[in-house]
Amino acid sequence: MAYDFDLFVIGAGSGGVRAARFAAGFGAKVAVAESRYLGGTCVNVGCVPKKLLVYGAHVADELEQAAGFGWTLEEGHFDWGTLIANKNREIERLNGIYRNLLLNSGVTLLQGHARLTGANEVEVQGQRYSAKHILIATGGWPQVPDIPGKELAITSNEAFYLKDLPRRVLVVGGGYIAVEFAGIFHGLGATTSLLYRGDLFLRGFDGSVRTHLKEELEKRGLDLQFNADIQRIDKLEDGSLKATLNDGRELLADCVFYATGRRPMLDNLGLENTGVELDARGFIRVDDQYQTTAASILAIGDVIGRVQLTPVALAEGMAVARRLFKPEQYRPVDYRNIPTAVFSQPPIGTVGLSEEQALEAGHKVQIFESRFRAMKLTLTDIQEKTLMKLVVDAETDKVLGCHMVGPDAGEIIQGLGIALKAGATKQQFDETIGVHPTAAEEFVTLRTITR
């Protein structure tokens, strides 16, 4: 049977664009349909604008530290509108780049909502297209718990477009998005509280990292409230919001921001017209090659609910394109030792196993840990501490995990990700000469076993 396209991609986020570009480069006839914005969550309402706002919040730290280096500055003034306008301009530029990447690769770009009408057929704006392979890459969508007043809350989708910086903010959630946005609002001058229903945020991260970040955030004056959950939100006559907590307390705010998880974006996708099945969590069920339960349909990225990170979606998109159209270059995605950063303040960088994961996996471990005040802070009154930690297999000397909380953690952990991927041992870390004076050299000078 002759098809209109060899590959039809639904969703022009990071994974979908990567799969489309590579498939077209391998000679396939490819179409991409996108109903919102090119670049997906990451470029528009995720990692990219969030990092720009994090940079903005960090300026307050630089101003505070300036006096120690001899700088006398007039009192600074922050303008939220300027930051958001500049951010919007950069996102528009990136949208254009994504458009050009697709078009210059020979991909047909269809702007409109795509709906599956069969195992090999997609409808966009009333027009139907047939395809030998269909790739679902529609990503995720933030969700707010079903409580009275939920419509008064915002999520990350709306936070990037607020007209004004709220004076008082309640951030609800215990994952990295909640922690990052709490740091952004607090760093830019809003009175901020972070509420989490559990005992300690960032579940799944190394315990030392979680505890250390908690201590540093409290030093900065961020209000952390654990075992706290909002039961209802009410709007008062003056326009402010009243949040009633599970313990009966009432908190007033101008903005309630929810970061309590993301669901797969499957709205009006037409899955009922195919044999595609969902797993128990509601994500699209796929095998190791991203094949759904319908032979002609594949899925990647956040919509399959594995590792929900942009670089992972990119790798999955590339793997799909290679397997379908350049099988001699196909390599499965390796989900082990994926470096991760949390752009909290201070930031986290981590790769490999946490201490808890290593023990649970049966490893006998040696822990090397260091906490120190960064050199840059020695001329200031700031008492922030950096944490660095190695988790080592006591029997093989292999480094199982590297963890850091402190300035440039994400930049530093990327290089260590290569070392762990290569199977580096603690001895090889020890024999590597450090770059002096840097914080990064601490990873190759950790000599004393902490426990």
# chains A, B, ... in the order shown; residues from 1 in each chain; ligands from 1
>>> residues_around(residues="range 126-135 of chain A", least_positions_apart="2", cutoff="10 Å", atoms="only C-alpha atoms", output="PyMOL selection string")
chain A and resi 1-11+15-16+19-20+29-32+112-124+137-138+290-292+294-300+317+320-321+324
>>> residues_around(residues="Asp430 in chain A", least_positions_apart="4", cutoff="8 Å", atoms="only C-alpha atoms", output="list in words")
Lys426, Val444, Thr445, Leu446 and Arg447 of chain A
>>> write_last_selection(atoms="C-alpha atoms", output="PDB file, in the first residue's frame")
ATOM      1  CA  LYS A 426      37.620   5.375  42.904  1.00  0.00           C
ATOM      2  CA  VAL A 444      39.219  13.798  42.897  1.00  0.00           C
ATOM      3  CA  THR A 445      40.628  14.647  46.325  1.00  0.00           C
ATOM      4  CA  LEU A 446      38.083  12.848  48.513  1.00  0.00           C
ATOM      5  CA  ARG A 447      40.343  10.462  50.436  1.00  0.00           C
TER       6      ARG A 447
END
>>> closest_atom_pairs(of="range 172-253 of chain A", to="range 361-371 of chain A", cutoff="12 Å", atoms="only C-alpha atoms", output="JSON lines")
{"residue": "A:Asp206", "atom": "CA", "partner": "A:Ile367", "partner_atom": "CA", "distance": 11.9}
{"residue": "A:Ser208", "atom": "CA", "partner": "A:Glu369", "partner_atom": "CA", "distance": 9.0}
{"residue": "A:Val209", "atom": "CA", "partner": "A:Glu369", "partner_atom": "CA", "distance": 10.7}
{"residue": "A:His212", "atom": "CA", "partner": "A:Arg371", "partner_atom": "CA", "distance": 9.3}
{"residue": "A:Leu213", "atom": "CA", "partner": "A:Arg371", "partner_atom": "CA", "distance": 11.9}
{"residue": "A:Glu216", "atom": "CA", "partner": "A:Arg371", "partner_atom": "CA", "distance": 11.8}
>>> select_by_dssp(residues="range 288-422 of chain A", states="strand (DSSP E or B)", output="number ranges by chain")
A: 291, 297-299, 340-342, 348-352, 365-372, 386-393, 398-405
>>> closest_residue(among="A:Thr438, A:Arg210, A:Tyr335, A:Lys385", to="Ser354 in chain A", atoms="only C-alpha atoms")
A:Arg210
>>> atom_distance(atom1="CA of His77 in chain A", atom2="CA of Arg167 in chain A")
14.8 Å
>>> residues_around(residues="range 404-408 of chain A", least_positions_apart="2", cutoff="9 Å", atoms="only C-alpha atoms", output="list in words")
Val209, His212, Leu213, Gln345, Pro346, Pro347, Ile348, Gly349, Thr350, Ala374, Glu384, Lys385, Thr386, Leu387, Met388, Lys389, Cys402, Gly410, Glu411, Ile412, Ile413 and Ala439 of chain A
>>> write_last_selection(atoms="all heavy atoms", output="compact mmCIF listing (two decimals), in the first residue's frame")
# COMPACT_ATOMS: atom_id res chain seq x y z
N VAL A 209 21.76 14.66 49.88
CA VAL A 209 21.42 15.78 49.01
C VAL A 209 20.14 16.45 49.50
O VAL A 209 20.06 17.69 49.61
CB VAL A 209 21.25 15.30 47.55
CG1 VAL A 209 20.59 16.36 46.68
CG2 VAL A 209 22.60 14.89 46.97
N HIS A 212 20.78 18.25 52.86
CA HIS A 212 21.66 19.42 52.69
C HIS A 212 20.92 20.57 52.02
O HIS A 212 21.04 21.73 52.46
CB HIS A 212 22.88 19.02 51.86
CG HIS A 212 23.92 20.11 51.76
ND1 HIS A 212 24.89 20.29 52.70
CD2 HIS A 212 24.11 21.07 50.83
CE1 HIS A 212 25.66 21.32 52.37
NE2 HIS A 212 25.20 21.80 51.23
N LEU A 213 20.14 20.27 51.00
CA LEU A 213 19.41 21.34 50.32
C LEU A 213 18.39 21.97 51.26
O LEU A 213 18.23 23.20 51.27
CB LEU A 213 18.71 20.82 49.06
CG LEU A 213 17.98 21.91 48.26
CD1 LEU A 213 18.97 22.91 47.67
CD2 LEU A 213 17.13 21.30 47.16
N GLN A 345 18.35 26.65 44.34
CA GLN A 345 19.36 27.62 44.75
C GLN A 345 19.80 27.33 46.18
O GLN A 345 19.08 27.71 47.10
CB GLN A 345 18.80 29.04 44.61
CG GLN A 345 18.47 29.37 43.17
CD GLN A 345 17.82 30.71 43.01
OE1 GLN A 345 18.33 31.72 43.47
NE2 GLN A 345 16.66 30.74 42.35
N PRO A 346 20.91 26.61 46.37
CA PRO A 346 21.91 26.20 45.38
C PRO A 346 21.44 24.99 44.55
O PRO A 346 20.57 24.24 45.00
CB PRO A 346 23.11 25.82 46.24
CG PRO A 346 22.51 25.38 47.55
CD PRO A 346 21.31 26.27 47.75
N PRO A 347 22.04 24.80 43.36
CA PRO A 347 21.61 23.72 42.47
C PRO A 347 22.15 22.36 42.87
O PRO A 347 23.13 22.25 43.62
CB PRO A 347 22.18 24.16 41.12
CG PRO A 347 23.38 24.97 41.45
CD PRO A 347 23.05 25.67 42.74
N ILE A 348 21.50 21.33 42.32
CA ILE A 348 21.89 19.94 42.54
C ILE A 348 22.40 19.36 41.23
O ILE A 348 21.83 19.62 40.17
CB ILE A 348 20.68 19.11 43.01
CG1 ILE A 348 20.16 19.60 44.36
CG2 ILE A 348 21.02 17.62 43.07
CD1 ILE A 348 18.82 18.98 44.74
N GLY A 349 23.44 18.55 41.31
CA GLY A 349 23.87 17.73 40.18
C GLY A 349 24.05 16.31 40.67
O GLY A 349 24.63 16.08 41.75
N THR A 350 23.54 15.34 39.94
CA THR A 350 23.62 13.95 40.40
C THR A 350 23.70 13.00 39.23
O THR A 350 23.11 13.24 38.18
CB THR A 350 22.41 13.62 41.31
OG1 THR A 350 22.50 12.28 41.76
CG2 THR A 350 21.09 13.82 40.56
N ALA A 374 32.42 27.50 49.68
CA ALA A 374 33.09 27.75 48.40
C ALA A 374 34.04 28.93 48.51
O ALA A 374 33.81 29.89 49.25
CB ALA A 374 32.04 28.03 47.32
N GLU A 384 26.87 29.75 53.07
CA GLU A 384 26.39 28.60 52.30
C GLU A 384 27.48 27.54 52.16
O GLU A 384 28.64 27.86 51.91
CB GLU A 384 25.93 29.07 50.91
CG GLU A 384 25.43 27.95 50.02
CD GLU A 384 24.99 28.47 48.66
OE1 GLU A 384 23.97 29.18 48.61
OE2 GLU A 384 25.69 28.20 47.66
N LYS A 385 27.08 26.29 52.29
CA LYS A 385 28.02 25.17 52.15
C LYS A 385 27.72 24.37 50.89
O LYS A 385 26.55 24.21 50.50
CB LYS A 385 27.92 24.24 53.36
CG LYS A 385 28.37 24.85 54.68
CD LYS A 385 29.87 24.96 54.75
CE LYS A 385 30.33 25.45 56.11
NZ LYS A 385 30.12 24.44 57.17
N THR A 386 28.76 23.87 50.25
CA THR A 386 28.65 22.96 49.11
C THR A 386 28.78 21.53 49.62
O THR A 386 29.58 21.26 50.53
CB THR A 386 29.75 23.26 48.08
OG1 THR A 386 29.49 24.52 47.46
CG2 THR A 386 29.80 22.18 46.99
N LEU A 387 28.00 20.63 49.05
CA LEU A 387 28.09 19.20 49.38
C LEU A 387 28.61 18.44 48.16
O LEU A 387 28.14 18.67 47.04
CB LEU A 387 26.72 18.65 49.77
CG LEU A 387 26.58 17.11 49.79
CD1 LEU A 387 27.33 16.51 50.97
CD2 LEU A 387 25.12 16.68 49.80
N MET A 388 29.57 17.55 48.38
CA MET A 388 30.00 16.62 47.33
C MET A 388 30.06 15.23 47.94
O MET A 388 30.50 15.06 49.07
CB MET A 388 31.35 17.02 46.76
CG MET A 388 31.29 18.28 45.91
SD MET A 388 32.86 18.61 45.10
CE MET A 388 32.40 20.03 44.10
N LYS A 389 29.61 14.25 47.16
CA LYS A 389 29.50 12.90 47.69
C LYS A 389 29.76 11.87 46.61
O LYS A 389 29.29 12.00 45.48
CB LYS A 389 28.09 12.71 48.27
CG LYS A 389 27.79 11.31 48.81
CD LYS A 389 26.42 11.27 49.46
CE LYS A 389 26.10 9.90 50.03
NZ LYS A 389 24.80 9.88 50.75
N CYS A 402 27.64 9.87 41.97
CA CYS A 402 28.26 11.16 42.29
C CYS A 402 27.13 12.16 42.53
O CYS A 402 26.21 12.26 41.72
CB CYS A 402 29.13 11.67 41.14
SG CYS A 402 30.43 10.58 40.61
N GLY A 410 25.33 21.38 38.00
CA GLY A 410 24.94 20.76 36.73
C GLY A 410 26.08 20.71 35.74
O GLY A 410 26.24 19.72 35.01
N GLU A 411 26.88 21.76 35.69
CA GLU A 411 28.01 21.79 34.76
C GLU A 411 29.05 20.74 35.14
O GLU A 411 29.63 20.05 34.28
CB GLU A 411 28.66 23.19 34.78
CG GLU A 411 27.71 24.34 34.53
CD GLU A 411 27.20 24.38 33.11
OE1 GLU A 411 27.80 23.72 32.23
OE2 GLU A 411 26.17 25.05 32.86
N ILE A 412 29.32 20.61 36.43
CA ILE A 412 30.34 19.68 36.91
C ILE A 412 29.91 18.24 36.73
O ILE A 412 30.70 17.37 36.33
CB ILE A 412 30.67 19.98 38.38
CG1 ILE A 412 31.40 21.33 38.49
CG2 ILE A 412 31.52 18.87 39.00
CD1 ILE A 412 31.55 21.85 39.90
N ILE A 413 28.63 17.95 36.99
CA ILE A 413 28.17 16.56 36.99
C ILE A 413 28.16 15.97 35.57
O ILE A 413 28.23 14.75 35.40
CB ILE A 413 26.78 16.44 37.66
CG1 ILE A 413 26.69 15.12 38.45
CG2 ILE A 413 25.66 16.53 36.64
CD1 ILE A 413 27.54 15.10 39.70
N ALA A 439 35.97 24.10 42.76
CA ALA A 439 35.17 23.19 43.58
C ALA A 439 35.24 21.78 43.00
O ALA A 439 35.27 20.79 43.74
CB ALA A 439 33.72 23.66 43.65
>>> select_by_dssp(residues="range 281-426 of chain A", states="helix (DSSP H, G or I)", output="JSON, numbers by chain")
{"A": [301, 302, 303, 304, 310, 311, 312, 313, 314, 315, 316, 317, 318, 319, 320, 321, 322, 323, 324, 325, 327, 328, 329, 355, 356, 357, 358, 359, 360, 375, 376, 377, 409, 410, 411, 412, 413, 414, 415, 416, 417, 418, 419, 420, 421, 426]}
>>> write_last_selection(atoms="N, CA and C atoms", output="tab-separated table (two decimals), in the first residue's frame")
chain	number	residue	atom	x	y	z
A	301	GLY	N	9.12	9.78	24.86
A	301	GLY	CA	9.10	10.98	25.67
A	301	GLY	C	8.21	10.88	26.89
A	302	ASP	N	7.76	12.03	27.37
A	302	ASP	CA	6.99	12.07	28.61
A	302	ASP	C	5.70	11.27	28.53
A	303	VAL	N	5.18	11.07	27.33
A	303	VAL	CA	3.89	10.39	27.17
A	303	VAL	C	3.99	8.89	27.51
A	304	ILE	N	5.22	8.35	27.58
A	304	ILE	CA	5.38	6.95	27.97
A	304	ILE	C	5.79	6.82	29.44
A	310	THR	N	14.28	16.03	28.94
A	310	THR	CA	14.45	16.39	27.53
A	310	THR	C	15.54	15.58	26.82
A	311	PRO	N	16.74	15.46	27.38
A	311	PRO	CA	17.78	14.68	26.67
A	311	PRO	C	17.40	13.22	26.47
A	312	VAL	N	16.57	12.69	27.37
A	312	VAL	CA	16.12	11.31	27.21
A	312	VAL	C	15.15	11.21	26.03
A	313	ALA	N	14.23	12.17	25.92
A	313	ALA	CA	13.32	12.19	24.77
A	313	ALA	C	14.10	12.32	23.46
A	314	LEU	N	15.14	13.13	23.46
A	314	LEU	CA	15.99	13.27	22.27
A	314	LEU	C	16.62	11.93	21.89
A	315	ALA	N	17.15	11.24	22.90
A	315	ALA	CA	17.78	9.94	22.64
A	315	ALA	C	16.77	8.93	22.13
A	316	GLU	N	15.56	8.95	22.70
A	316	GLU	CA	14.52	8.01	22.26
A	316	GLU	C	14.09	8.32	20.83
A	317	GLY	N	13.96	9.60	20.50
A	317	GLY	CA	13.60	9.98	19.14
A	317	GLY	C	14.63	9.53	18.13
A	318	MET	N	15.90	9.68	18.49
A	318	MET	CA	16.97	9.26	17.61
A	318	MET	C	16.97	7.74	17.44
A	319	ALA	N	16.71	7.03	18.53
A	319	ALA	CA	16.67	5.57	18.47
A	319	ALA	C	15.56	5.08	17.55
A	320	VAL	N	14.39	5.71	17.62
A	320	VAL	CA	13.27	5.32	16.75
A	320	VAL	C	13.61	5.56	15.29
A	321	ALA	N	14.15	6.73	14.98
A	321	ALA	CA	14.49	7.05	13.60
A	321	ALA	C	15.51	6.07	13.04
A	322	ARG	N	16.50	5.74	13.83
A	322	ARG	CA	17.53	4.81	13.36
A	322	ARG	C	16.97	3.41	13.17
A	323	ARG	N	16.17	2.95	14.12
A	323	ARG	CA	15.65	1.58	14.00
A	323	ARG	C	14.76	1.42	12.77
A	324	LEU	N	13.94	2.45	12.49
A	324	LEU	CA	13.01	2.36	11.36
A	324	LEU	C	13.70	2.56	10.01
A	325	PHE	N	14.64	3.50	9.95
A	325	PHE	CA	15.13	3.92	8.64
A	325	PHE	C	16.64	3.82	8.47
A	327	PRO	N	18.70	0.99	10.30
A	327	PRO	CA	18.87	-0.02	11.35
A	327	PRO	C	20.32	-0.37	11.65
A	328	GLU	N	21.21	-0.20	10.68
A	328	GLU	CA	22.62	-0.52	10.94
A	328	GLU	C	23.25	0.44	11.96
A	329	GLN	N	22.61	1.60	12.17
A	329	GLN	CA	23.11	2.56	13.16
A	329	GLN	C	22.34	2.50	14.48
A	355	GLU	N	22.98	6.66	47.70
A	355	GLU	CA	23.43	5.72	48.73
A	355	GLU	C	22.34	4.71	49.03
A	356	GLU	N	21.10	5.18	49.11
A	356	GLU	CA	19.98	4.30	49.43
A	356	GLU	C	19.75	3.27	48.32
A	357	GLN	N	19.84	3.70	47.07
A	357	GLN	CA	19.65	2.78	45.94
A	357	GLN	C	20.76	1.74	45.89
A	358	ALA	N	21.98	2.16	46.16
A	358	ALA	CA	23.11	1.22	46.13
A	358	ALA	C	22.94	0.14	47.20
A	359	LEU	N	22.53	0.54	48.38
A	359	LEU	CA	22.32	-0.44	49.46
A	359	LEU	C	21.17	-1.38	49.12
A	360	GLU	N	20.10	-0.81	48.56
A	360	GLU	CA	18.94	-1.62	48.20
A	360	GLU	C	19.29	-2.63	47.11
A	375	MET	N	35.14	28.86	47.77
A	375	MET	CA	36.17	29.89	47.80
A	375	MET	C	35.59	31.28	47.51
A	376	LYS	N	34.63	31.34	46.60
A	376	LYS	CA	34.05	32.63	46.22
A	376	LYS	C	33.39	33.32	47.40
A	377	LEU	N	32.95	32.55	48.39
A	377	LEU	CA	32.23	33.12	49.52
A	377	LEU	C	33.13	33.54	50.66
A	409	ALA	N	26.72	22.94	39.90
A	409	ALA	CA	26.62	21.48	40.07
A	409	ALA	C	26.26	20.79	38.76
A	410	GLY	N	25.33	21.38	38.00
A	410	GLY	CA	24.94	20.76	36.73
A	410	GLY	C	26.08	20.71	35.74
A	411	GLU	N	26.88	21.76	35.69
A	411	GLU	CA	28.01	21.79	34.76
A	411	GLU	C	29.05	20.74	35.14
A	412	ILE	N	29.32	20.61	36.43
A	412	ILE	CA	30.34	19.68	36.91
A	412	ILE	C	29.91	18.24	36.73
A	413	ILE	N	28.63	17.95	36.99
A	413	ILE	CA	28.17	16.56	36.99
A	413	ILE	C	28.16	15.97	35.57
A	414	GLN	N	28.09	16.85	34.54
A	414	GLN	CA	28.09	16.32	33.17
A	414	GLN	C	29.36	15.53	32.87
A	415	GLY	N	30.51	16.08	33.26
A	415	GLY	CA	31.77	15.37	33.03
A	415	GLY	C	31.86	14.09	33.82
A	416	LEU	N	31.34	14.11	35.04
A	416	LEU	CA	31.37	12.91	35.87
A	416	LEU	C	30.43	11.84	35.31
A	417	GLY	N	29.40	12.27	34.58
A	417	GLY	CA	28.52	11.31	33.92
A	417	GLY	C	29.29	10.45	32.92
A	418	ILE	N	30.24	11.05	32.22
A	418	ILE	CA	31.07	10.30	31.27
A	418	ILE	C	31.91	9.28	32.02
A	419	ALA	N	32.47	9.71	33.16
A	419	ALA	CA	33.31	8.81	33.95
A	419	ALA	C	32.53	7.60	34.43
A	420	LEU	N	31.30	7.84	34.92
A	420	LEU	CA	30.50	6.71	35.39
A	420	LEU	C	30.06	5.82	34.25
A	421	LYS	N	29.75	6.41	33.09
A	421	LYS	CA	29.37	5.62	31.93
A	421	LYS	C	30.53	4.71	31.51
A	426	LYS	N	37.17	4.33	41.97
A	426	LYS	CA	37.62	5.38	42.90
A	426	LYS	C	39.11	5.62	42.75
>>> residues_around(residues="Gly198 in chain A", least_positions_apart="6", cutoff="10 Å", atoms="only C-alpha atoms", output="PyMOL selection string")
chain A and resi 173-174+225-229
>>> residues_around(residues="Ala243 in chain A", least_positions_apart="6", cutoff="6 Å", atoms="only C-alpha atoms", output="list in words")
Arg232, Ile233, Glu250 and Leu251 of chain A
>>> write_last_selection(atoms="N, CA, C and O atoms", output="mmCIF file, in the first residue's frame")
data_model
loop_
_atom_site.group_PDB
_atom_site.id
_atom_site.type_symbol
_atom_site.label_atom_id
_atom_site.label_comp_id
_atom_site.auth_asym_id
_atom_site.auth_seq_id
_atom_site.Cartn_x
_atom_site.Cartn_y
_atom_site.Cartn_z
ATOM 1 N N ARG A 232 -8.392 23.371 50.511
ATOM 2 C CA ARG A 232 -9.255 24.200 49.672
ATOM 3 C C ARG A 232 -8.609 25.570 49.493
ATOM 4 O O ARG A 232 -7.789 26.000 50.306
ATOM 5 N N ILE A 233 -9.009 26.256 48.409
ATOM 6 C CA ILE A 233 -8.535 27.610 48.133
ATOM 7 C C ILE A 233 -9.758 28.496 47.935
ATOM 8 O O ILE A 233 -10.679 28.140 47.184
ATOM 9 N N GLU A 250 -4.698 28.504 58.101
ATOM 10 C CA GLU A 250 -5.060 29.268 56.910
ATOM 11 C C GLU A 250 -3.890 30.162 56.521
ATOM 12 O O GLU A 250 -3.353 30.896 57.362
ATOM 13 N N LEU A 251 -3.484 30.091 55.261
ATOM 14 C CA LEU A 251 -2.379 30.902 54.746
ATOM 15 C C LEU A 251 -2.913 31.825 53.668
ATOM 16 O O LEU A 251 -3.701 31.409 52.815
#
>>> closest_residue(among="A:Leu224, A:Leu94, A:Ile184, A:Ile284", to="Arg263 in chain A", atoms="only C-alpha atoms")
A:Ile284
>>> residues_around(residues="Gly187 in chain A", least_positions_apart="5", cutoff="12 Å", atoms="only C-alpha atoms", output="list in words")
Leu53, Val54, Tyr55, Gly56, Ala57, His58, Val59, Ala60, Asp61, Glu62, Leu63, Glu64, Phe78, Leu165, Glu180, Phe181, Ala182, Thr192, Leu217, Arg220, Gly221, Leu222, Ser344, Gln345 and Pro346 of chain A
>>> residues_around(residues="Thr191 in chain A", least_positions_apart="2", cutoff="8 Å", atoms="only C-alpha atoms", output="PyMOL selection string")
chain A and resi 167-169+185-186+189+193
>>> write_last_selection(atoms="N, CA, C and O atoms", output="compact mmCIF listing (two decimals), in the first residue's frame")
# COMPACT_ATOMS: atom_id res chain seq x y z
N ARG A 167 3.35 39.07 45.25
CA ARG A 167 4.03 39.49 46.48
C ARG A 167 4.19 38.32 47.44
O ARG A 167 5.22 38.19 48.10
N ARG A 168 3.17 37.44 47.50
CA ARG A 168 3.19 36.28 48.39
C ARG A 168 2.83 35.04 47.57
O ARG A 168 1.79 35.03 46.90
N VAL A 169 3.67 34.02 47.63
CA VAL A 169 3.47 32.83 46.81
C VAL A 169 3.50 31.58 47.68
O VAL A 169 4.38 31.42 48.53
N PHE A 185 10.86 32.31 42.77
CA PHE A 185 10.01 33.34 43.39
C PHE A 185 10.71 33.98 44.58
O PHE A 185 10.70 35.21 44.74
N HIS A 186 11.33 33.15 45.42
CA HIS A 186 12.01 33.66 46.61
C HIS A 186 13.20 34.55 46.20
O HIS A 186 13.39 35.64 46.76
N GLY A 189 12.34 38.02 45.10
CA GLY A 189 11.82 38.94 46.09
C GLY A 189 10.44 38.66 46.64
O GLY A 189 9.95 39.40 47.50
N SER A 193 6.51 30.36 50.38
CA SER A 193 6.44 29.15 51.21
C SER A 193 6.35 27.95 50.28
O SER A 193 5.62 27.97 49.28
>>> atom_distance(atom1="CA of Leu103 in chain A", atom2="CA of Ala23 in chain A")
13.1 Å
